[in-house]
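Engineer: What follows is coords08.cif, mmCIF, C-alpha atoms.
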```
data_start
loop_
_atom_site.label_atom_id
_atom_site.label_comp_id
_atom_site.auth_asym_id
_atom_site.auth_seq_id
_atom_site.Cartn_x
_atom_site.Cartn_y
_atom_site.Cartn_z
CA MET A 192 -110.51 202.23 -62.31
CA SER A 193 -110.52 198.48 -62.93
CA GLY A 194 -110.14 195.73 -60.36
CA PRO A 195 -112.30 193.92 -57.79
CA PHE A 196 -113.65 197.16 -56.30
CA SER A 197 -114.71 198.89 -59.55
CA GLU A 198 -118.48 198.54 -58.90
CA ILE A 199 -118.08 199.66 -55.29
CA ASN A 200 -116.06 202.66 -56.48
CA GLN A 201 -118.74 203.60 -58.99
CA GLU A 202 -121.31 203.57 -56.18
CA LEU A 203 -118.94 205.59 -53.97
CA VAL A 204 -118.71 208.24 -56.71
CA ALA A 205 -122.50 208.27 -57.11
CA ILE A 206 -123.30 208.73 -53.41
CA THR A 207 -120.54 211.34 -53.02
CA GLU A 208 -121.99 213.37 -55.90
CA ALA A 209 -125.50 213.00 -54.46
CA HIS A 210 -124.24 214.22 -51.08
CA ALA A 211 -122.22 217.08 -52.62
CA SER A 212 -125.27 218.29 -54.57
CA GLY A 213 -127.49 218.17 -51.49
CA GLN A 214 -129.62 215.22 -52.66
CA MET A 215 -128.43 212.98 -49.80
CA ASP A 216 -128.02 214.09 -46.17
CA ARG A 217 -124.82 213.51 -44.26
CA LEU A 218 -126.06 210.66 -42.04
CA GLU A 219 -127.47 208.68 -44.95
CA PHE A 220 -124.31 209.32 -46.99
CA ARG A 221 -122.08 208.11 -44.16
CA ARG A 222 -124.26 205.05 -43.52
CA ARG A 223 -124.17 204.01 -47.18
CA ARG A 224 -120.45 204.71 -47.58
CA ARG A 225 -119.63 202.63 -44.50
CA ALA A 226 -121.72 199.78 -45.92
CA LEU A 227 -119.85 199.99 -49.27
CA ILE A 228 -116.41 200.13 -47.65
CA CYS A 229 -117.28 197.19 -45.39
CA GLN A 230 -118.44 195.30 -48.48
CA ALA A 231 -114.95 195.87 -49.91
CA THR A 232 -113.05 194.99 -46.74
CA GLY A 233 -115.23 192.10 -45.55
CA GLU A 234 -115.70 193.74 -42.14
CA ALA A 235 -119.05 193.94 -40.38
CA PRO A 236 -120.50 197.45 -40.61
CA PRO A 237 -120.20 199.34 -37.30
CA ALA A 238 -123.43 199.11 -35.27
CA GLN A 239 -124.07 202.82 -34.90
CA SER A 240 -121.83 205.80 -35.44
CA GLU A 241 -121.24 208.42 -32.73
CA GLU A 242 -123.06 211.08 -34.75
CA GLU A 243 -126.11 208.84 -35.18
CA VAL A 244 -126.20 208.29 -31.43
CA ALA A 245 -125.73 212.02 -30.87
CA ALA A 246 -128.61 212.80 -33.23
CA GLN A 247 -130.91 210.46 -31.29
CA VAL A 248 -129.83 211.85 -27.91
CA SER A 249 -130.55 215.40 -29.04
CA GLU A 250 -134.02 214.32 -30.24
CA ASP A 251 -134.75 212.69 -26.85
CA ASP A 252 -133.61 215.83 -25.09
CA THR A 253 -135.87 218.06 -27.15
CA HIS A 254 -139.25 216.41 -26.59
CA PRO A 255 -139.66 216.77 -22.78
CA LYS A 256 -138.51 220.39 -22.93
CA MET A 257 -141.04 221.21 -25.68
CA ALA A 258 -143.91 219.50 -23.77
CA ALA A 259 -143.13 221.39 -20.60
CA VAL A 260 -142.92 224.78 -22.28
CA THR A 261 -145.48 224.71 -25.07
CA VAL A 262 -148.24 222.36 -23.89
CA PRO A 263 -149.02 223.16 -20.22
CA SER A 264 -151.97 221.15 -18.81
CA PRO A 265 -154.81 222.87 -16.91
CA GLU A 266 -153.76 221.01 -13.74
CA THR A 267 -150.31 222.46 -14.04
CA GLY A 268 -151.83 225.92 -14.28
CA GLU A 269 -153.96 225.43 -11.12
CA HIS A 270 -150.96 224.08 -9.30
CA SER A 271 -148.95 227.04 -10.38
CA GLU A 272 -151.58 229.50 -9.13
CA GLY A 273 -151.66 227.73 -5.76
CA ALA A 274 -147.92 227.83 -5.51
CA ASP A 275 -147.94 231.55 -6.29
CA THR A 276 -150.50 232.23 -3.54
CA GLY A 277 -148.46 230.33 -0.99
CA ASP A 278 -145.41 232.34 -1.89
CA ALA A 279 -147.38 235.60 -1.41
CA ASP A 280 -148.53 234.54 2.09
CA GLU A 281 -145.00 233.69 3.05
CA ASP A 282 -143.82 237.09 1.81
CA THR A 283 -146.54 238.95 3.80
CA GLY A 284 -145.75 236.95 6.91
CA SER A 285 -142.08 237.66 6.77
CA ARG A 286 -142.75 241.37 6.22
CA LEU A 287 -144.97 241.49 9.42
CA SER A 288 -142.33 239.65 11.45
CA SER A 289 -139.64 242.15 10.51
CA TRP A 290 -141.86 245.11 11.57
CA LYS A 291 -142.50 243.51 14.98
CA LEU A 292 -138.81 242.91 15.47
CA THR A 293 -137.96 246.54 14.58
CA ILE A 294 -140.53 247.95 17.06
CA LEU A 295 -139.29 245.60 19.78
CA LEU A 296 -135.70 246.69 19.21
CA LEU A 297 -136.74 250.38 19.32
CA LEU A 298 -138.56 249.81 22.62
CA VAL A 299 -135.54 248.08 24.12
CA ALA A 300 -133.28 250.91 22.89
CA LEU A 301 -135.61 253.58 24.39
CA ALA A 302 -135.78 251.70 27.67
CA GLY A 303 -132.01 251.48 27.74
CA LEU A 304 -131.64 255.19 26.96
CA GLY A 305 -134.17 256.06 29.69
CA GLY A 306 -132.34 253.92 32.21
CA LEU A 307 -129.03 255.57 31.32
CA LEU A 308 -130.49 259.11 31.70
CA TRP A 309 -132.06 258.18 35.09
CA PHE A 310 -128.66 256.80 36.27
CA ILE A 311 -126.84 260.04 35.26
CA LEU A 312 -129.41 262.63 36.45
CA ARG A 313 -130.52 261.13 39.74
CA MET B 967 -101.28 194.24 -40.15
CA SER B 968 -98.99 194.32 -43.18
CA ILE B 969 -95.45 195.63 -42.85
CA TRP B 970 -95.13 198.88 -44.74
CA GLU B 971 -91.80 200.22 -45.93
CA SER B 972 -92.22 203.86 -46.85
CA CYS B 973 -90.22 206.96 -47.68
CA ALA B 974 -91.56 210.53 -47.81
CA LEU B 975 -89.63 213.36 -49.48
CA THR B 976 -90.43 216.97 -50.34
CA ASP B 977 -88.43 219.71 -52.04
CA VAL B 978 -89.01 223.38 -52.82
CA GLY B 979 -88.07 222.76 -56.49
CA ALA B 980 -85.94 224.90 -58.79
CA ARG B 981 -88.14 227.97 -59.26
CA ARG B 982 -90.16 228.57 -56.10
CA LYS B 983 -88.82 230.36 -53.01
CA HIS B 984 -91.05 228.58 -50.49
CA ASN B 985 -92.27 225.05 -50.13
CA GLU B 986 -96.06 225.09 -49.76
CA ASP B 987 -96.29 221.28 -49.85
CA ALA B 988 -96.50 219.19 -46.67
CA ILE B 989 -96.11 215.43 -46.23
CA MET B 990 -97.13 213.02 -43.49
CA ALA B 991 -96.14 209.37 -42.99
CA ARG B 992 -97.45 207.11 -40.23
CA PRO B 993 -96.66 203.56 -41.35
CA GLU B 994 -97.54 202.21 -37.88
CA ALA B 995 -101.11 203.47 -38.39
CA GLY B 996 -101.26 202.72 -42.12
CA LEU B 997 -101.77 206.40 -43.00
CA TRP B 998 -99.87 208.69 -45.37
CA ALA B 999 -100.73 212.05 -46.97
CA VAL B 1000 -99.44 214.71 -49.36
CA ALA B 1001 -100.91 218.23 -49.25
CA ASP B 1002 -100.17 220.94 -51.83
CA GLY B 1003 -100.91 224.40 -50.43
CA MET B 1004 -102.28 227.35 -52.42
CA GLY B 1005 -102.39 231.06 -51.70
CA GLY B 1006 -98.73 232.02 -51.47
CA HIS B 1007 -96.25 232.09 -48.62
CA GLU B 1008 -97.78 231.96 -45.11
CA ALA B 1009 -101.13 230.91 -46.59
CA GLY B 1010 -100.45 227.86 -48.74
CA ASP B 1011 -97.82 226.36 -46.46
CA LYS B 1012 -99.99 227.01 -43.41
CA ALA B 1013 -102.97 225.30 -45.07
CA SER B 1014 -101.01 222.23 -46.09
CA ASN B 1015 -99.38 221.96 -42.66
CA MET B 1016 -102.79 222.21 -40.95
CA ILE B 1017 -103.83 219.14 -42.94
CA THR B 1018 -100.80 217.03 -42.12
CA SER B 1019 -100.93 218.08 -38.44
CA ALA B 1020 -104.59 217.03 -38.20
CA LEU B 1021 -103.83 213.65 -39.75
CA GLU B 1022 -100.74 213.17 -37.54
CA ALA B 1023 -102.97 213.31 -34.46
CA LEU B 1024 -105.72 211.04 -35.79
CA PRO B 1025 -106.31 207.81 -33.82
CA ARG B 1026 -106.93 204.67 -35.86
CA PRO B 1027 -110.21 202.90 -35.03
CA ASP B 1028 -110.56 199.12 -35.51
CA ASN B 1029 -113.19 199.37 -38.24
CA PHE B 1030 -111.75 200.58 -41.55
CA SER B 1031 -114.92 202.40 -42.67
CA VAL B 1032 -114.88 204.37 -39.42
CA PHE B 1033 -111.21 205.20 -40.09
CA VAL B 1034 -112.23 206.72 -43.43
CA ASP B 1035 -114.98 208.71 -41.66
CA ARG B 1036 -112.44 210.02 -39.15
CA ILE B 1037 -110.07 211.11 -41.92
CA GLU B 1038 -112.92 212.99 -43.61
CA ASP B 1039 -114.00 214.54 -40.29
CA ALA B 1040 -110.44 215.78 -39.68
CA LEU B 1041 -110.21 217.28 -43.17
CA GLN B 1042 -113.62 218.94 -42.86
CA ASN B 1043 -112.52 220.51 -39.56
CA VAL B 1044 -109.39 221.82 -41.28
CA ASN B 1045 -111.58 223.11 -44.12
CA ALA B 1046 -113.62 225.21 -41.67
CA THR B 1047 -110.48 226.42 -39.86
CA ILE B 1048 -108.77 227.46 -43.10
CA ARG B 1049 -111.81 229.39 -44.30
CA ASP B 1050 -112.10 231.16 -40.97
CA HIS B 1051 -108.36 231.94 -40.94
CA ALA B 1052 -108.43 233.25 -44.54
CA ALA B 1053 -111.35 235.57 -43.73
CA ARG B 1054 -109.62 236.98 -40.61
CA GLU B 1055 -105.94 237.10 -41.63
CA PHE B 1056 -105.94 237.39 -45.41
CA ASP B 1057 -109.02 239.55 -46.12
CA GLY B 1058 -110.76 236.57 -47.70
CA ARG B 1059 -107.95 235.86 -50.19
CA MET B 1060 -107.60 232.28 -51.37
CA MET B 1061 -106.02 229.97 -48.82
CA GLY B 1062 -106.31 226.28 -49.37
CA SER B 1063 -104.66 223.00 -50.19
CA THR B 1064 -105.19 219.87 -52.20
CA VAL B 1065 -104.73 216.61 -50.34
CA VAL B 1066 -104.34 212.95 -51.17
CA ALA B 1067 -104.26 210.41 -48.34
CA LEU B 1068 -103.76 206.66 -48.23
CA ALA B 1069 -105.36 204.60 -45.47
CA ALA B 1070 -104.10 201.05 -45.75
CA SER B 1071 -104.84 197.70 -44.18
CA ASP B 1072 -104.16 194.03 -44.97
CA GLY B 1073 -105.10 193.47 -48.60
CA TYR B 1074 -106.74 196.83 -49.34
CA GLY B 1075 -106.38 200.57 -49.22
CA ALA B 1076 -108.56 203.66 -49.45
CA CYS B 1077 -107.52 206.74 -51.39
CA VAL B 1078 -109.14 209.86 -49.91
CA TRP B 1079 -108.56 213.06 -51.85
CA ALA B 1080 -109.60 216.56 -52.89
CA GLY B 1081 -107.87 218.37 -55.74
CA ASP B 1082 -105.18 217.22 -58.15
CA SER B 1083 -102.61 215.56 -55.89
CA ARG B 1084 -102.48 211.95 -56.99
CA LEU B 1085 -102.15 208.35 -55.86
CA TYR B 1086 -100.68 205.69 -58.14
CA ARG B 1087 -100.25 201.94 -57.68
CA LEU B 1088 -97.48 199.97 -59.40
CA ARG B 1089 -98.15 196.24 -59.74
CA ASP B 1090 -95.99 193.90 -61.80
CA GLY B 1091 -94.62 196.84 -63.78
CA THR B 1092 -98.06 198.27 -64.57
CA LEU B 1093 -98.83 201.78 -63.32
CA GLU B 1094 -102.41 202.70 -62.46
CA GLN B 1095 -103.67 206.10 -61.32
CA ILE B 1096 -106.19 205.46 -58.51
CA SER B 1097 -107.28 209.07 -57.83
CA ARG B 1098 -109.06 211.21 -60.45
CA ASP B 1099 -108.12 214.88 -60.52
CA HIS B 1100 -110.75 217.38 -59.39
CA SER B 1101 -109.94 219.71 -62.26
CA GLN B 1102 -111.59 221.39 -65.22
CA VAL B 1103 -109.64 219.36 -67.76
CA GLN B 1104 -110.49 216.07 -66.01
CA LYS B 1105 -114.17 216.97 -66.41
CA LEU B 1106 -113.56 217.50 -70.13
CA VAL B 1107 -111.73 214.16 -70.32
CA ASP B 1108 -114.59 212.40 -68.49
CA ALA B 1109 -117.05 214.01 -70.93
CA GLY B 1110 -115.02 212.71 -73.88
CA VAL B 1111 -114.18 216.24 -75.09
CA LEU B 1112 -110.43 215.90 -74.46
CA SER B 1113 -108.04 212.96 -74.59
CA ALA B 1114 -105.68 212.32 -71.66
CA GLU B 1115 -102.76 213.48 -73.82
CA GLU B 1116 -104.52 216.72 -74.79
CA ALA B 1117 -105.38 217.34 -71.14
CA GLU B 1118 -101.69 217.36 -70.11
CA SER B 1119 -100.91 220.39 -72.30
CA HIS B 1120 -104.26 222.16 -71.87
CA PRO B 1121 -103.96 225.83 -70.73
CA ASN B 1122 -106.42 225.15 -67.88
CA ALA B 1123 -104.58 222.06 -66.71
CA ASN B 1124 -103.81 223.73 -63.37
CA VAL B 1125 -107.39 224.85 -62.63
CA ILE B 1126 -108.75 222.67 -59.86
CA THR B 1127 -112.41 222.34 -58.87
CA ARG B 1128 -112.07 221.04 -55.32
CA ALA B 1129 -109.69 221.75 -52.43
CA ILE B 1130 -109.54 221.94 -48.65
CA GLY B 1131 -110.55 225.55 -47.92
CA GLY B 1132 -112.20 225.99 -51.32
CA ALA B 1133 -115.85 225.92 -50.24
CA ALA B 1134 -117.86 225.76 -47.04
CA HIS B 1135 -119.26 222.35 -47.96
CA LEU B 1136 -116.45 219.88 -48.61
CA ALA B 1137 -117.05 216.43 -50.09
CA MET B 1138 -114.04 214.11 -50.08
CA ASP B 1139 -113.80 211.46 -52.77
CA VAL B 1140 -112.90 207.91 -51.70
CA ALA B 1141 -111.69 205.07 -53.90
CA MET B 1142 -111.05 201.54 -52.64
CA PHE B 1143 -108.34 199.35 -54.18
CA ASP B 1144 -106.70 196.05 -53.41
CA LEU B 1145 -103.11 195.65 -52.23
CA ARG B 1146 -100.79 192.66 -52.56
CA PRO B 1147 -97.29 192.05 -51.19
CA GLY B 1148 -94.82 193.61 -53.65
CA ASP B 1149 -97.21 196.36 -54.77
CA ARG B 1150 -95.91 199.90 -54.57
CA VAL B 1151 -98.13 202.91 -53.94
CA MET B 1152 -97.05 206.48 -54.63
CA LEU B 1153 -98.63 209.73 -53.43
CA CYS B 1154 -97.46 212.97 -55.03
CA SER B 1155 -98.16 216.62 -55.69
CA ASP B 1156 -98.59 217.96 -59.23
CA GLY B 1157 -95.00 219.22 -59.12
CA LEU B 1158 -93.94 215.61 -59.66
CA TYR B 1159 -96.28 214.32 -62.37
CA ASN B 1160 -96.09 217.57 -64.36
CA GLU B 1161 -92.36 216.96 -64.79
CA LEU B 1162 -92.32 213.20 -65.41
CA SER B 1163 -94.19 211.07 -67.94
CA ALA B 1164 -96.13 207.99 -66.86
CA ASP B 1165 -93.33 205.79 -68.22
CA GLU B 1166 -90.71 207.71 -66.24
CA ILE B 1167 -92.83 207.49 -63.08
CA SER B 1168 -93.26 203.76 -63.58
CA ALA B 1169 -89.52 203.22 -64.13
CA CYS B 1170 -88.55 205.25 -61.05
CA MET B 1171 -91.19 203.62 -58.82
CA GLY B 1172 -89.83 200.19 -59.63
CA GLN B 1173 -86.30 200.95 -58.49
CA GLY B 1174 -84.66 199.21 -55.49
CA SER B 1175 -86.20 199.99 -52.11
CA ALA B 1176 -89.03 202.40 -51.37
CA GLU B 1177 -86.44 204.98 -50.36
CA GLN B 1178 -84.49 204.52 -53.60
CA ALA B 1179 -87.70 204.80 -55.63
CA ALA B 1180 -88.78 207.99 -53.83
CA ARG B 1181 -85.30 209.49 -54.32
CA ALA B 1182 -85.33 208.55 -58.04
CA LEU B 1183 -88.74 210.21 -58.49
CA LEU B 1184 -87.70 213.40 -56.70
CA ASP B 1185 -84.36 213.61 -58.51
CA GLY B 1186 -86.13 212.98 -61.81
CA ALA B 1187 -88.50 215.93 -61.24
CA LEU B 1188 -85.67 218.19 -60.02
CA GLY B 1189 -83.65 217.20 -63.07
CA GLN B 1190 -86.46 218.63 -65.24
CA GLU B 1191 -86.03 222.11 -63.68
CA ALA B 1192 -88.96 221.50 -61.31
CA ARG B 1193 -91.15 224.58 -61.71
CA ASP B 1194 -93.26 223.77 -58.65
CA ASN B 1195 -92.70 222.26 -55.22
CA VAL B 1196 -92.23 218.50 -55.46
CA SER B 1197 -93.51 215.97 -52.90
CA VAL B 1198 -93.52 212.21 -53.10
CA ILE B 1199 -94.23 209.28 -50.79
CA VAL B 1200 -93.51 205.72 -51.88
CA ILE B 1201 -94.96 202.80 -49.89
CA GLU B 1202 -94.06 199.19 -50.48
CA VAL B 1203 -96.50 196.54 -49.31
CA GLY B 1204 -94.69 193.83 -47.37
CA ASP B 1205 -95.85 190.41 -46.18
CA THR B 1206 -98.26 190.26 -43.26
#
```
What do you get writing this file as structure tokens?
Structural biologist:
Amino acid sequence: MSGPFSEINQELVAITEAHASGQMDRLEFRRRRRALICQATGEAPPAQSEEEVAAQVSEDDTHPKMAAVTVPSPETGEHSEGADTGDADEDTGSRLSSWKLTILLLLVALAGLGGLLWFILR
Amino acid sequence: MSIWESCALTDVGARRKHNEDAIMARPEAGLWAVADGMGGHEAGDKASNMITSALEALPRPDNFSVFVDRIEDALQNVNATIRDHAAREFDGRMMGSTVVALAASDGYGACVWAGDSRLYRLRDGTLEQISRDHSQVQKLVDAGVLSAEEAESHPNANVITRAIGGAAHLAMDVAMFDLRPGDRVMLCSDGLYNELSADEISACMGQGSAEQAARALLDGALGQEARDNVSVIVIEVGDT
């Protein structure tokens, strides 16, 4: 095709073929195509596309998760052990409290039953 | 933005029972498209209508390069949907569509296409084909093996190498071109240019209004016993 955009169109064909054959990734292809189209239209290239922003956000999200899961520090381990012990004490304590409450309720019930029998048989 | 006068027409043609072409015109957004479906009734027409429906709903961003990205995104989404639909509903049989779209702004336009639907520009009586067919014979022409005249009558003239729904990875071609007041742009399916010569297309495109030109092109193809569906959109570039 002739005309003022012939060189730009040749470059558009080249980058499209490079992208189609897997030699250029999608983000780079889009960035270069936007630059070529803006060269033709006289517009300023857009600052950053949504997918570029999305790619950066997903990278930022990944790092803290990986550090927390795959590289635990020794301090974290000690802290974890301490936390586990505290949980065990709390469990034991709550189990003892429930036994005391059950015995107390049984005693009250027996006392009530005894009182009722005394009232009937006297 | 420029004032666009446009007219979009489609016809089943003289031989086919169903129209698998679809057309879309949004002059207020500077966007037009022709899609030529493949795969038979309820496959080809569904594919081409998916394309025009996706482009109907597309918002127009301020930056033109982002507009082109959005058009490609929409067509790639349709590509994935068509392939999924073909696998589920048609036992993996071919379901697809060619497409040619025009995104226009003041002084320039972008032709975005896959397949052998075409975009032409008529300026001062000179016709220029902006799109290049994604077809086997076009590859032979590009390689210098065939002349353009030989390509028209080649037995593989209807074998296309790219389409929406044709492959999982879809690359759309884009060509930029300038537009001046008085220029006419025409988008069409192969049902039109297979019936009319370049001289006949040029003569019809130059007639009266955009509507009269589109009607002349369609009637010209139908007058040649149109063997395929025929779709045409004519756009006239007005003053800003």
Engineer: Provide the atom CA of A:Ile199 to atom CA of B:Leu1093 distance in Å, to one decimal place.
Structural biologist: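 These atoms are spaced 21.0 Å apart.
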Engineer: What would the selection look like, as a PyMOL selection string, if the PyMOL selection byres ((chain A) within 12 of (chain B)) were run on the coordinates I just shared?
Structural biologist: chain A and resi 192-213+215-218+220-242
Engineer: Pick from B:Gly1062, B:Lys983, B:Leu1021, B:His1007: nearest to B:Glu1038, with all atoms listed in the file counted?
Structural biologist: B:Leu1021
Engineer: If you count only C-alpha atoms, which residues fall within 8 Å of B:His1100, apart from same-chain ones fewer than 3 positions away, as a list in words?
Structural biologist: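 Close residues of B:His1100: Ala1080, Gly1081, Asp1082, Gln1104, Lys1105, Ile1126, Thr1127 and Arg1128 of chain B.
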Engineer: List the residues selected by the PyMOL selection byres ((chain B and resi 1147) around 12) in the file shown, writing them as a PyMOL selection string.
Structural biologist: chain B and resi 967-971+1071-1074+1088-1090+1144-1146+1148-1151+1201-1206
Engineer: Quick check, in Å to one decimal: how far apart do atom CA of A:Leu312 and atom CA of A:Leu298 lie?
Structural biologist: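 These atoms are spaced 21.0 Å apart.
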Engineer: Carefully work through the PyMOL selection byres ((chain B and resi 1083) around 8) for this structure and note down the residues it includes, as an NGL selection string.
Structural biologist: :B and (1000-1002 or 1064-1066 or 1079-1082 or 1084-1085 or 1099 or 1153-1156)
Engineer: Could you give me, as a PDB file with C-alpha atoms, in the coordinates of the input, the residues that sit within 8 Å of (-87.2, 213.0, -53.6) in the file's coordinates, counting only C-alpha atoms?
Structural biologist:
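Okay, out.pdb is ready:
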```
ATOM      1  CA  ALA B 974     -91.560 210.530 -47.810  1.00  0.00           C
ATOM      2  CA  LEU B 975     -89.630 213.360 -49.480  1.00  0.00           C
ATOM      3  CA  THR B 976     -90.430 216.970 -50.340  1.00  0.00           C
ATOM      4  CA  ASP B 977     -88.430 219.710 -52.040  1.00  0.00           C
ATOM      5  CA  ALA B1180     -88.780 207.990 -53.830  1.00  0.00           C
ATOM      6  CA  ARG B1181     -85.300 209.490 -54.320  1.00  0.00           C
ATOM      7  CA  ALA B1182     -85.330 208.550 -58.040  1.00  0.00           C
ATOM      8  CA  LEU B1183     -88.740 210.210 -58.490  1.00  0.00           C
ATOM      9  CA  LEU B1184     -87.700 213.400 -56.700  1.00  0.00           C
ATOM     10  CA  ASP B1185     -84.360 213.610 -58.510  1.00  0.00           C
ATOM     11  CA  VAL B1196     -92.230 218.500 -55.460  1.00  0.00           C
ATOM     12  CA  SER B1197     -93.510 215.970 -52.900  1.00  0.00           C
ATOM     13  CA  VAL B1198     -93.520 212.210 -53.100  1.00  0.00           C
TER      14      VAL B1198
END
```
Engineer: Report the distance between atom CA of B:Ser1063 and atom CA of B:Met990 in Å, rounded to one decimal place.
Structural biologist: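 Taking atom CA of B:Ser1063 and atom CA of B:Met990, their separation equals 14.2 Å.
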Engineer: Would you pick out the contacts of B:Val1044 at 8 Å or less, using all atoms listed in the file, so that residues sharing its chain but fewer than 5 positions from it are not included, and give the list as a list in words?
Structural biologist: Met1016, Ile1017, Ala1020, Ile1130 and Gly1131 of chain B
